[in-house]
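Asks: Dropping in protein-v7.cif, which is mmCIF, C-alpha atoms (C1' of nucleotides):
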```cif
data_final
#
loop_
_atom_site.label_atom_id
_atom_site.label_comp_id
_atom_site.auth_asym_id
_atom_site.auth_seq_id
_atom_site.Cartn_x
_atom_site.Cartn_y
_atom_site.Cartn_z
CA MET A 1317 43.21 77.00 189.42
CA GLN A 1318 43.95 79.40 192.18
CA SER A 1319 41.29 81.40 193.93
CA THR A 1320 39.87 84.39 192.14
CA THR A 1321 40.78 86.65 195.02
CA ASP A 1322 44.44 85.75 194.83
CA TRP A 1323 44.41 86.14 191.10
CA SER A 1324 42.88 89.58 191.02
CA CYS A 1325 45.10 90.82 193.82
CA GLY A 1326 48.30 89.81 192.06
CA VAL A 1327 47.20 91.06 188.68
CA SER A 1328 46.09 94.39 190.10
CA ARG A 1329 49.47 94.87 191.72
CA VAL A 1330 51.26 94.10 188.48
CA MET A 1331 49.05 96.55 186.63
CA ASP A 1332 49.76 99.21 189.23
CA LEU A 1333 53.48 98.78 188.61
CA VAL A 1334 53.24 99.51 184.90
CA ALA A 1335 50.09 101.64 184.74
CA GLY A 1336 50.42 105.09 183.31
CA LYS A 1337 50.81 106.73 179.98
CA TRP A 1338 54.59 106.43 179.59
CA LYS A 1339 56.06 103.77 181.85
CA LEU A 1340 56.03 100.76 179.55
CA ASN A 1341 57.35 102.81 176.68
CA ILE A 1342 60.24 104.02 178.82
CA LEU A 1343 60.98 100.53 180.09
CA TRP A 1344 61.13 99.29 176.54
CA LEU A 1345 63.50 102.05 175.45
CA ILE A 1346 65.87 101.34 178.32
CA TYR A 1347 65.70 97.63 177.55
CA ASN A 1348 66.78 98.39 173.99
CA GLU A 1349 69.59 100.66 175.04
CA GLU A 1350 71.05 100.03 178.46
CA GLY A 1351 72.65 103.15 179.85
CA ILE A 1352 70.38 105.41 177.81
CA ARG A 1353 70.51 109.09 178.78
CA PHE A 1354 67.68 111.36 179.96
CA ASN A 1355 67.56 113.45 176.80
CA GLN A 1356 67.75 110.37 174.61
CA LEU A 1357 64.73 108.97 176.38
CA LYS A 1358 62.97 112.28 175.97
CA ASN A 1359 63.69 112.51 172.25
CA ARG A 1360 62.54 108.95 171.61
CA THR A 1361 59.34 109.16 173.60
CA ILE A 1362 57.14 111.18 171.30
CA GLY A 1363 55.26 113.89 173.11
CA ILE A 1364 56.66 113.43 176.60
CA THR A 1365 57.66 116.47 178.61
CA ASN A 1366 60.50 116.90 181.08
CA ILE A 1367 58.24 116.69 184.04
CA MET A 1368 56.46 113.55 182.92
CA LEU A 1369 59.71 111.81 182.09
CA THR A 1370 61.12 112.77 185.48
CA ARG A 1371 58.03 111.56 187.29
CA SER A 1372 57.82 108.33 185.35
CA LEU A 1373 61.46 107.53 185.95
CA ALA A 1374 61.12 108.30 189.64
CA THR A 1375 58.17 105.92 189.88
CA LEU A 1376 60.04 103.20 188.01
CA ILE A 1377 63.10 103.63 190.21
CA SER A 1378 61.09 103.47 193.40
CA ALA A 1379 59.42 100.31 192.07
CA GLU A 1380 62.92 98.91 191.56
CA LEU A 1381 62.37 98.34 187.88
CA VAL A 1382 64.97 100.90 186.78
CA SER A 1383 68.26 102.10 188.24
CA ASN A 1384 70.01 105.39 187.69
CA ASN A 1385 73.70 106.15 187.48
CA LEU A 1386 74.51 109.85 187.73
CA VAL A 1387 78.07 110.77 186.81
CA GLY A 1388 79.63 114.12 187.69
CA ASP A 1389 78.94 116.70 190.33
CA LYS A 1390 78.50 119.69 188.06
CA ALA A 1391 77.04 120.47 184.64
CA PRO A 1392 77.07 118.90 182.15
CA PHE A 1393 75.75 115.87 184.00
CA LYS A 1394 75.66 112.39 182.57
CA SER A 1395 72.78 110.35 183.84
CA LYS A 1396 72.36 106.78 182.62
CA TYR A 1397 69.41 104.49 183.11
CA TYR A 1398 69.38 100.72 183.33
CA LEU A 1399 66.83 98.00 183.89
CA THR A 1400 67.16 96.16 187.17
CA ALA A 1401 66.82 92.37 187.20
CA ARG A 1402 63.23 92.93 188.17
CA GLY A 1403 62.79 95.31 185.25
CA LYS A 1404 64.29 92.82 182.83
CA SER A 1405 61.90 90.18 184.07
CA LEU A 1406 59.10 92.31 182.66
CA VAL A 1407 60.37 91.99 179.09
CA PRO A 1408 58.47 88.78 178.25
CA LEU A 1409 55.33 90.41 179.62
CA MET A 1410 55.86 93.45 177.43
CA GLN A 1411 56.39 91.24 174.44
CA THR A 1412 53.20 89.36 175.20
CA LEU A 1413 51.37 92.68 175.30
CA ASN A 1414 52.86 93.69 171.99
CA ASP A 1415 52.03 90.34 170.40
CA TRP A 1416 48.41 90.60 171.44
CA GLY A 1417 48.24 94.08 169.98
CA GLN A 1418 49.73 92.93 166.69
CA ASN A 1419 47.20 90.15 166.40
CA ASN A 1420 44.08 91.87 167.68
CA LEU A 1421 44.20 95.58 166.92
CA MET B 671 62.89 93.76 166.14
CA GLN B 672 60.15 96.13 165.14
CA SER B 673 60.48 99.86 165.51
CA THR B 674 60.05 101.37 168.92
CA THR B 675 57.29 103.63 167.71
CA ASP B 676 55.19 100.73 166.46
CA TRP B 677 55.83 98.85 169.64
CA SER B 678 54.79 101.58 172.01
CA CYS B 679 51.71 102.43 169.97
CA GLY B 680 50.41 98.86 170.03
CA VAL B 681 51.19 98.31 173.66
CA SER B 682 49.55 101.57 174.68
CA ARG B 683 46.38 100.61 172.88
CA VAL B 684 46.31 97.23 174.60
CA MET B 685 46.83 98.87 177.95
CA ASP B 686 43.99 101.28 177.23
CA LEU B 687 41.67 98.35 176.63
CA VAL B 688 42.28 96.80 180.02
CA ALA B 689 43.28 99.83 182.09
CA GLY B 690 41.22 100.63 185.12
CA LYS B 691 40.72 99.34 188.58
CA TRP B 692 38.24 96.58 187.87
CA LYS B 693 38.24 95.51 184.24
CA LEU B 694 40.73 92.64 184.32
CA ASN B 695 39.17 91.26 187.45
CA ILE B 696 35.76 91.28 185.80
CA LEU B 697 37.09 89.67 182.63
CA TRP B 698 38.63 86.93 184.70
CA LEU B 699 35.41 86.26 186.60
CA ILE B 700 33.41 86.02 183.39
CA TYR B 701 36.05 83.73 181.92
CA ASN B 702 35.67 81.43 184.91
CA GLU B 703 31.91 81.46 184.75
CA GLU B 704 30.38 82.11 181.38
CA GLY B 705 26.90 83.51 181.72
CA ILE B 706 27.65 84.99 185.12
CA ARG B 707 25.03 87.42 186.44
CA PHE B 708 25.37 91.04 187.44
CA ASN B 709 24.95 90.46 191.15
CA GLN B 710 27.26 87.47 191.08
CA LEU B 711 29.94 89.66 189.56
CA LYS B 712 29.25 92.27 192.19
CA ASN B 713 29.49 89.85 195.09
CA ARG B 714 32.73 88.33 193.82
CA THR B 715 34.49 91.59 193.10
CA ILE B 716 35.38 92.75 196.58
CA GLY B 717 34.62 96.40 197.12
CA ILE B 718 33.03 97.24 193.79
CA THR B 719 29.85 99.30 193.73
CA ASN B 720 26.91 99.17 191.36
CA ILE B 721 28.03 102.17 189.42
CA MET B 722 31.57 100.99 188.92
CA LEU B 723 30.46 97.55 187.83
CA THR B 724 27.98 99.09 185.41
CA ARG B 725 30.59 101.42 183.97
CA SER B 726 33.25 98.75 183.70
CA LEU B 727 30.90 96.36 181.94
CA ALA B 728 29.78 99.08 179.54
CA THR B 729 33.38 99.82 178.65
CA LEU B 730 34.18 96.16 178.16
CA ILE B 731 31.10 95.67 175.98
CA SER B 732 31.91 98.67 173.81
CA ALA B 733 35.44 97.31 173.44
CA GLU B 734 33.86 94.07 172.26
CA LEU B 735 35.53 92.04 174.96
CA VAL B 736 32.27 91.12 176.69
CA SER B 737 28.74 90.49 175.48
CA ASN B 738 25.50 90.80 177.39
CA ASN B 739 22.35 88.76 177.19
CA LEU B 740 19.36 90.31 178.93
CA VAL B 741 16.41 88.00 179.45
CA GLY B 742 12.95 89.26 180.31
CA ASP B 743 11.17 92.56 179.88
CA LYS B 744 10.20 93.14 183.49
CA ALA B 745 11.64 92.54 186.93
CA PRO B 746 13.22 90.31 187.99
CA PHE B 747 15.61 90.58 185.06
CA LYS B 748 18.20 88.00 184.23
CA SER B 749 21.29 89.47 182.69
CA LYS B 750 24.14 87.19 181.68
CA TYR B 751 27.63 88.12 180.63
CA TYR B 752 29.99 86.28 178.31
CA LEU B 753 33.43 86.78 176.87
CA THR B 754 33.54 87.45 173.16
CA ALA B 755 36.18 85.70 171.04
CA ARG B 756 38.25 88.84 171.41
CA GLY B 757 37.80 88.72 175.16
CA LYS B 758 38.85 85.08 175.29
CA SER B 759 41.98 85.92 173.36
CA LEU B 760 43.04 88.01 176.34
CA VAL B 761 43.14 85.01 178.66
CA PRO B 762 46.77 84.05 177.94
CA LEU B 763 47.74 87.67 178.51
CA MET B 764 45.95 87.69 181.85
CA GLN B 765 47.67 84.48 182.82
CA THR B 766 51.04 85.96 181.91
CA LEU B 767 50.26 88.91 184.15
CA ASN B 768 49.30 86.60 186.97
CA ASP B 769 52.41 84.46 186.52
CA TRP B 770 54.66 87.49 186.70
CA GLY B 771 52.92 88.58 189.88
CA GLN B 772 53.32 85.16 191.47
CA ASN B 773 57.03 85.14 190.70
CA ASN B 774 57.93 88.74 191.40
CA LEU B 775 55.68 90.18 194.08
"C1'" DC C 647 17.23 92.18 189.69
"C1'" DG C 648 20.01 95.06 187.29
"C1'" DG C 649 20.81 98.92 186.74
"C1'" DA C 650 20.91 104.84 186.10
"C1'" DA C 651 21.44 109.92 187.91
"C1'" DT C 652 23.75 113.08 190.45
"C1'" DC C 653 27.35 115.05 192.90
"C1'" DC C 654 31.94 115.07 194.57
"C1'" DC C 655 36.87 114.03 195.44
"C1'" DT C 656 41.25 112.49 194.15
"C1'" DT C 657 44.72 111.43 190.92
"C1'" DG C 658 47.13 111.72 186.63
"C1'" DC C 659 48.67 114.47 183.24
"C1'" DG C 660 50.66 118.49 181.30
"C1'" DA C 661 52.06 123.69 180.02
"C1'" DT C 662 55.20 126.90 181.35
"C1'" DA C 663 59.03 128.70 183.44
"C1'" DC C 664 63.20 128.20 185.98
"C1'" DT C 665 67.92 126.08 187.81
"C1'" DG C 666 72.73 124.01 189.45
"C1'" DC D 130 72.46 118.17 180.74
"C1'" DA D 131 69.20 116.76 183.65
"C1'" DG D 132 66.30 117.98 186.00
"C1'" DT D 133 62.52 121.06 189.63
"C1'" DA D 134 58.51 124.37 190.93
"C1'" DT D 135 54.00 125.87 190.19
"C1'" DC D 136 49.61 125.94 188.59
"C1'" DG D 137 45.60 124.08 186.47
"C1'" DC D 138 42.64 120.96 183.75
"C1'" DA D 139 40.45 116.60 182.85
"C1'" DA D 140 39.55 111.97 183.75
"C1'" DG D 141 38.85 108.20 186.86
"C1'" DG D 142 36.79 106.55 190.78
"C1'" DG D 143 33.16 106.45 194.22
"C1'" DA D 144 28.98 107.50 197.79
"C1'" DT D 145 24.43 108.04 197.71
"C1'" DT D 146 19.95 107.87 196.04
"C1'" DC D 147 16.47 106.43 192.97
"C1'" DC D 148 13.99 103.40 189.36
"C1'" DG D 149 11.32 99.99 185.98
#
```
Mind turning this structure into structure tokens?

Replies:
Amino acid sequence: MQSTTDWSCGVSRVMDLVAGKWKLNILWLIYNEEGIRFNQLKNRTIGITNIMLTRSLATLISAELVSNNLVGDKAPFKSKYYLTARGKSLVPLMQTLNDWGQNNL
Amino acid sequence: MQSTTDWSCGVSRVMDLVAGKWKLNILWLIYNEEGIRFNQLKNRTIGITNIMLTRSLATLISAELVSNNLVGDKAPFKSKYYLTARGKSLVPLMQTLNDWGQNNL
DNA sequence: CGGAATCCCTTGCGATACTG
DNA sequence: CAGTATCGCAAGGGATTCCG
């Protein structure tokens, strides 16, 4: 077993990456529909507002879990979101979280 | 695949259980030393204060992830902490978190 | 030894309105 | 369509002090 200090440090950093009210939900939606659009994400994330979706996406992009592809230089824009390789690597973790919830909630 | 709504609901509730700066670290320490004492937890959780350890433990106990066994009715007290069955069921999840951190941070 | 009480600061979250 | 600007509330986190 590794030292407790190493363990808690790594786990805390992982938690920081995905902490927040919306981030895991958004990651999951993008995983299920690569290239999903901003308004699609908004409509499928019950209760989220523009500003929270914008902020959450910005955080995910800066964490290199999500990438953005903006097409067009004038309205109507077409912005598509994808998981990066790093983002995709989180999928098993998200499924583990979901499994625990199914079995223990 | 289950519906996105069900997924996000379950995952959010799991995250709520373990969210916070100290809770997973504390769970891990108790897992590694059943019956660990308050001051042992404090000394092994770098930077935590009395009040934060008290609050975190109270939250974990009310979530039925940790149980407390207080011995004695006057100072010096001996308070011991244990994982409940529910708390132990989180161990694979914590290890998955740690594994992801080792591979991706 | 194992806490609790109080006060305070920072951060996250969100309502509303506006824009290229 | 895909955001941004502003303002404000509430919750989380923490320093300090005190206690049975």

Asks: What would you get as a CSV table (one decimal) with C-alpha atoms, in the frame of the given file if chain B were moved onto chain A by least squares over all of its C-alpha atoms in order?

Replies:
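And here is the file that came out, superposed18.csv:
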```csv
chain,number,residue,atom,x,y,z
B,671,MET,CA,43.1,77.0,189.2
B,672,GLN,CA,43.9,79.4,192.0
B,673,SER,CA,41.2,81.4,193.8
B,674,THR,CA,39.8,84.4,192.0
B,675,THR,CA,40.7,86.6,194.9
B,676,ASP,CA,44.3,85.7,194.8
B,677,TRP,CA,44.3,86.1,191.0
B,678,SER,CA,42.8,89.6,191.0
B,679,CYS,CA,45.0,90.8,193.8
B,680,GLY,CA,48.2,89.8,192.1
B,681,VAL,CA,47.2,91.1,188.7
B,682,SER,CA,46.1,94.4,190.1
B,683,ARG,CA,49.4,94.9,191.8
B,684,VAL,CA,51.2,94.1,188.5
B,685,MET,CA,49.0,96.5,186.7
B,686,ASP,CA,49.8,99.2,189.3
B,687,LEU,CA,53.5,98.8,188.7
B,688,VAL,CA,53.2,99.5,185.0
B,689,ALA,CA,50.1,101.7,184.8
B,690,GLY,CA,50.4,105.1,183.4
B,691,LYS,CA,50.8,106.7,180.1
B,692,TRP,CA,54.6,106.4,179.6
B,693,LYS,CA,56.1,103.8,181.9
B,694,LEU,CA,56.0,100.7,179.6
B,695,ASN,CA,57.3,102.8,176.7
B,696,ILE,CA,60.2,104.0,178.9
B,697,LEU,CA,61.0,100.5,180.1
B,698,TRP,CA,61.1,99.3,176.6
B,699,LEU,CA,63.5,102.0,175.5
B,700,ILE,CA,65.9,101.3,178.4
B,701,TYR,CA,65.7,97.6,177.6
B,702,ASN,CA,66.7,98.4,174.0
B,703,GLU,CA,69.5,100.7,175.1
B,704,GLU,CA,71.0,100.0,178.4
B,705,GLY,CA,72.6,103.2,179.8
B,706,ILE,CA,70.4,105.4,177.8
B,707,ARG,CA,70.5,109.1,178.8
B,708,PHE,CA,67.7,111.3,179.9
B,709,ASN,CA,67.5,113.4,176.8
B,710,GLN,CA,67.7,110.4,174.6
B,711,LEU,CA,64.7,109.0,176.4
B,712,LYS,CA,63.0,112.3,176.0
B,713,ASN,CA,63.6,112.5,172.3
B,714,ARG,CA,62.5,108.9,171.6
B,715,THR,CA,59.3,109.1,173.6
B,716,ILE,CA,57.1,111.2,171.3
B,717,GLY,CA,55.2,113.9,173.1
B,718,ILE,CA,56.6,113.4,176.6
B,719,THR,CA,57.7,116.5,178.6
B,720,ASN,CA,60.5,116.9,181.1
B,721,ILE,CA,58.2,116.7,184.1
B,722,MET,CA,56.5,113.5,182.9
B,723,LEU,CA,59.7,111.8,182.1
B,724,THR,CA,61.1,112.8,185.5
B,725,ARG,CA,58.1,111.5,187.3
B,726,SER,CA,57.8,108.3,185.4
B,727,LEU,CA,61.5,107.5,186.0
B,728,ALA,CA,61.2,108.3,189.7
B,729,THR,CA,58.2,105.9,189.9
B,730,LEU,CA,60.1,103.2,188.0
B,731,ILE,CA,63.2,103.6,190.2
B,732,SER,CA,61.2,103.5,193.4
B,733,ALA,CA,59.5,100.3,192.1
B,734,GLU,CA,63.0,98.9,191.6
B,735,LEU,CA,62.4,98.3,187.9
B,736,VAL,CA,65.0,100.9,186.8
B,737,SER,CA,68.3,102.1,188.2
B,738,ASN,CA,70.1,105.4,187.7
B,739,ASN,CA,73.7,106.2,187.5
B,740,LEU,CA,74.5,109.9,187.7
B,741,VAL,CA,78.1,110.8,186.7
B,742,GLY,CA,79.6,114.1,187.6
B,743,ASP,CA,79.0,116.8,190.2
B,744,LYS,CA,78.5,119.7,187.9
B,745,ALA,CA,77.0,120.5,184.5
B,746,PRO,CA,77.0,118.9,182.0
B,747,PHE,CA,75.7,115.9,183.9
B,748,LYS,CA,75.6,112.4,182.5
B,749,SER,CA,72.8,110.4,183.8
B,750,LYS,CA,72.4,106.8,182.6
B,751,TYR,CA,69.4,104.5,183.1
B,752,TYR,CA,69.4,100.7,183.3
B,753,LEU,CA,66.9,98.0,183.9
B,754,THR,CA,67.2,96.2,187.2
B,755,ALA,CA,66.8,92.4,187.2
B,756,ARG,CA,63.2,92.9,188.2
B,757,GLY,CA,62.8,95.3,185.3
B,758,LYS,CA,64.3,92.8,182.9
B,759,SER,CA,61.9,90.2,184.1
B,760,LEU,CA,59.1,92.3,182.7
B,761,VAL,CA,60.4,92.0,179.2
B,762,PRO,CA,58.5,88.8,178.3
B,763,LEU,CA,55.3,90.4,179.7
B,764,MET,CA,55.9,93.4,177.5
B,765,GLN,CA,56.4,91.2,174.5
B,766,THR,CA,53.2,89.4,175.2
B,767,LEU,CA,51.4,92.7,175.3
B,768,ASN,CA,52.9,93.7,172.0
B,769,ASP,CA,52.1,90.4,170.4
B,770,TRP,CA,48.5,90.6,171.5
B,771,GLY,CA,48.3,94.1,170.0
B,772,GLN,CA,49.8,93.0,166.7
B,773,ASN,CA,47.3,90.2,166.4
B,774,ASN,CA,44.2,91.9,167.7
B,775,LEU,CA,44.3,95.6,166.9
```

Asks: Dump as a ChimeraX atom specification the residues of chain C that approach chain B to within 12 Å, counting only C-alpha atoms (C1' of nucleotides).

Replies: /C:647-652

Asks: Write a file of the selected residues as a PDB file, in the coordinates of the input, keeping C-alpha atoms (C1' of nucleotides).

Replies:
```
ATOM      1  C1'  DC C 647      17.230  92.180 189.690  1.00  0.00           C
ATOM      2  C1'  DG C 648      20.010  95.060 187.290  1.00  0.00           C
ATOM      3  C1'  DG C 649      20.810  98.920 186.740  1.00  0.00           C
ATOM      4  C1'  DA C 650      20.910 104.840 186.100  1.00  0.00           C
ATOM      5  C1'  DA C 651      21.440 109.920 187.910  1.00  0.00           C
ATOM      6  C1'  DT C 652      23.750 113.080 190.450  1.00  0.00           C
TER       7       DT C 652
END
```

Asks: I'd like the contact shell of range 726-734 of chain B - 7 Å cut-off, all atoms listed in the file, skipping same-chain residues fewer than 3 positions apart - returned as a list in words.

Replies: Trp692, Lys693, Met722, Leu723, Ser737, Thr754 and Arg756 of chain B

Asks: Please determine, counting all atoms listed in the file, which residue among A:Leu1340, A:Gly1403, A:Arg1371, A:Val1327 has the shortest atom-to-atom distance to DT133 in chain D.

Replies: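 For DT133 in chain D, the nearest of the candidates is A:Arg1371.
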
Asks: Pull out every residue of chain A sitting within 6 Å of chain B, counting only C-alpha atoms, and send them as a compact mmCIF listing (two decimals) with C-alpha atoms, keeping the file's coordinate frame.

Replies:
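iface.txt, freshly written:
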```txt
# COMPACT_ATOMS: atom_id res chain seq x y z
CA SER A 1324 42.88 89.58 191.02
CA GLY A 1326 48.30 89.81 192.06
CA VAL A 1327 47.20 91.06 188.68
CA VAL A 1330 51.26 94.10 188.48
CA ASN A 1341 57.35 102.81 176.68
CA LEU A 1413 51.37 92.68 175.30
CA ASN A 1414 52.86 93.69 171.99
CA GLY A 1417 48.24 94.08 169.98
```

Asks: With chain B as the partner and 10 Å as the cut-off, tabulate the residues of chain D that qualify, each row holding the nearest pair of atoms and their distance in Å to one decimal, using all atoms listed in the file, sorted by chain and rising number, as a Markdown table.

Replies:
```
| residue | atom | partner | partner_atom | distance |
| --- | --- | --- | --- | --- |
| D:DG141 | C1' | B:Gly690 | CA | 8.1 |
| D:DG142 | C1' | B:Met722 | CA | 7.8 |
| D:DG143 | C1' | B:Met722 | CA | 7.8 |
| D:DA144 | C1' | B:Thr719 | CA | 9.2 |
| D:DG149 | C1' | B:Lys744 | CA | 7.4 |
```

Asks: Take the PyMOL selection byres ((chain D and resi 137) around 10), run it mentally on this structure, and tell me the resulting residues as a PyMOL selection string.

Replies: (chain C and resi 660-661) or (chain D and resi 135-136+138-139)

Asks: Give me a file of those residues, with C-alpha atoms (C1' of nucleotides), as a short mmCIF file (atom, residue, chain, number, x, y, z; two decimals), keeping the file's coordinate frame.

Replies:
```cif
data_model
loop_
_atom_site.label_atom_id
_atom_site.label_comp_id
_atom_site.auth_asym_id
_atom_site.auth_seq_id
_atom_site.Cartn_x
_atom_site.Cartn_y
_atom_site.Cartn_z
"C1'" DG C 660 50.66 118.49 181.30
"C1'" DA C 661 52.06 123.69 180.02
"C1'" DT D 135 54.00 125.87 190.19
"C1'" DC D 136 49.61 125.94 188.59
"C1'" DC D 138 42.64 120.96 183.75
"C1'" DA D 139 40.45 116.60 182.85
#
```

Asks: Between CA of Gln1356 in chain A and C1' of DG666 in chain C, what is the distance, to one decimal in Å?

Replies: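 We find that CA of Gln1356 in chain A and C1' of DG666 in chain C lie 20.8 Å from each other.
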
Asks: Could you list the residues chosen by the PyMOL selection byres ((chain B and resi 753) around 7) in this structure as an NGL selection string?

Replies: :B and (700-701 or 735-737 or 752 or 754-755 or 757-758)

Asks: Given the file above and the PyMOL selection byres ((chain B and resi 705) around 7), which residues are selected, and can you give them as a count of residues only?

Replies: 7

Asks: Please report the interatomic distance between CA of Leu1333 in chain A and C1' of DC659 in chain C in Å with one decimal.

Replies: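 If I compute the distance from CA of Leu1333 in chain A to C1' of DC659 in chain C, I get 17.3 Å.
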
Asks: Could you tell me how far CA of Asn1384 in chain A lies from CA of Lys1358 in chain A, in Å and to one decimal?

Replies: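 Separation between CA of Asn1384 in chain A and CA of Lys1358 in chain A: 15.3 Å.
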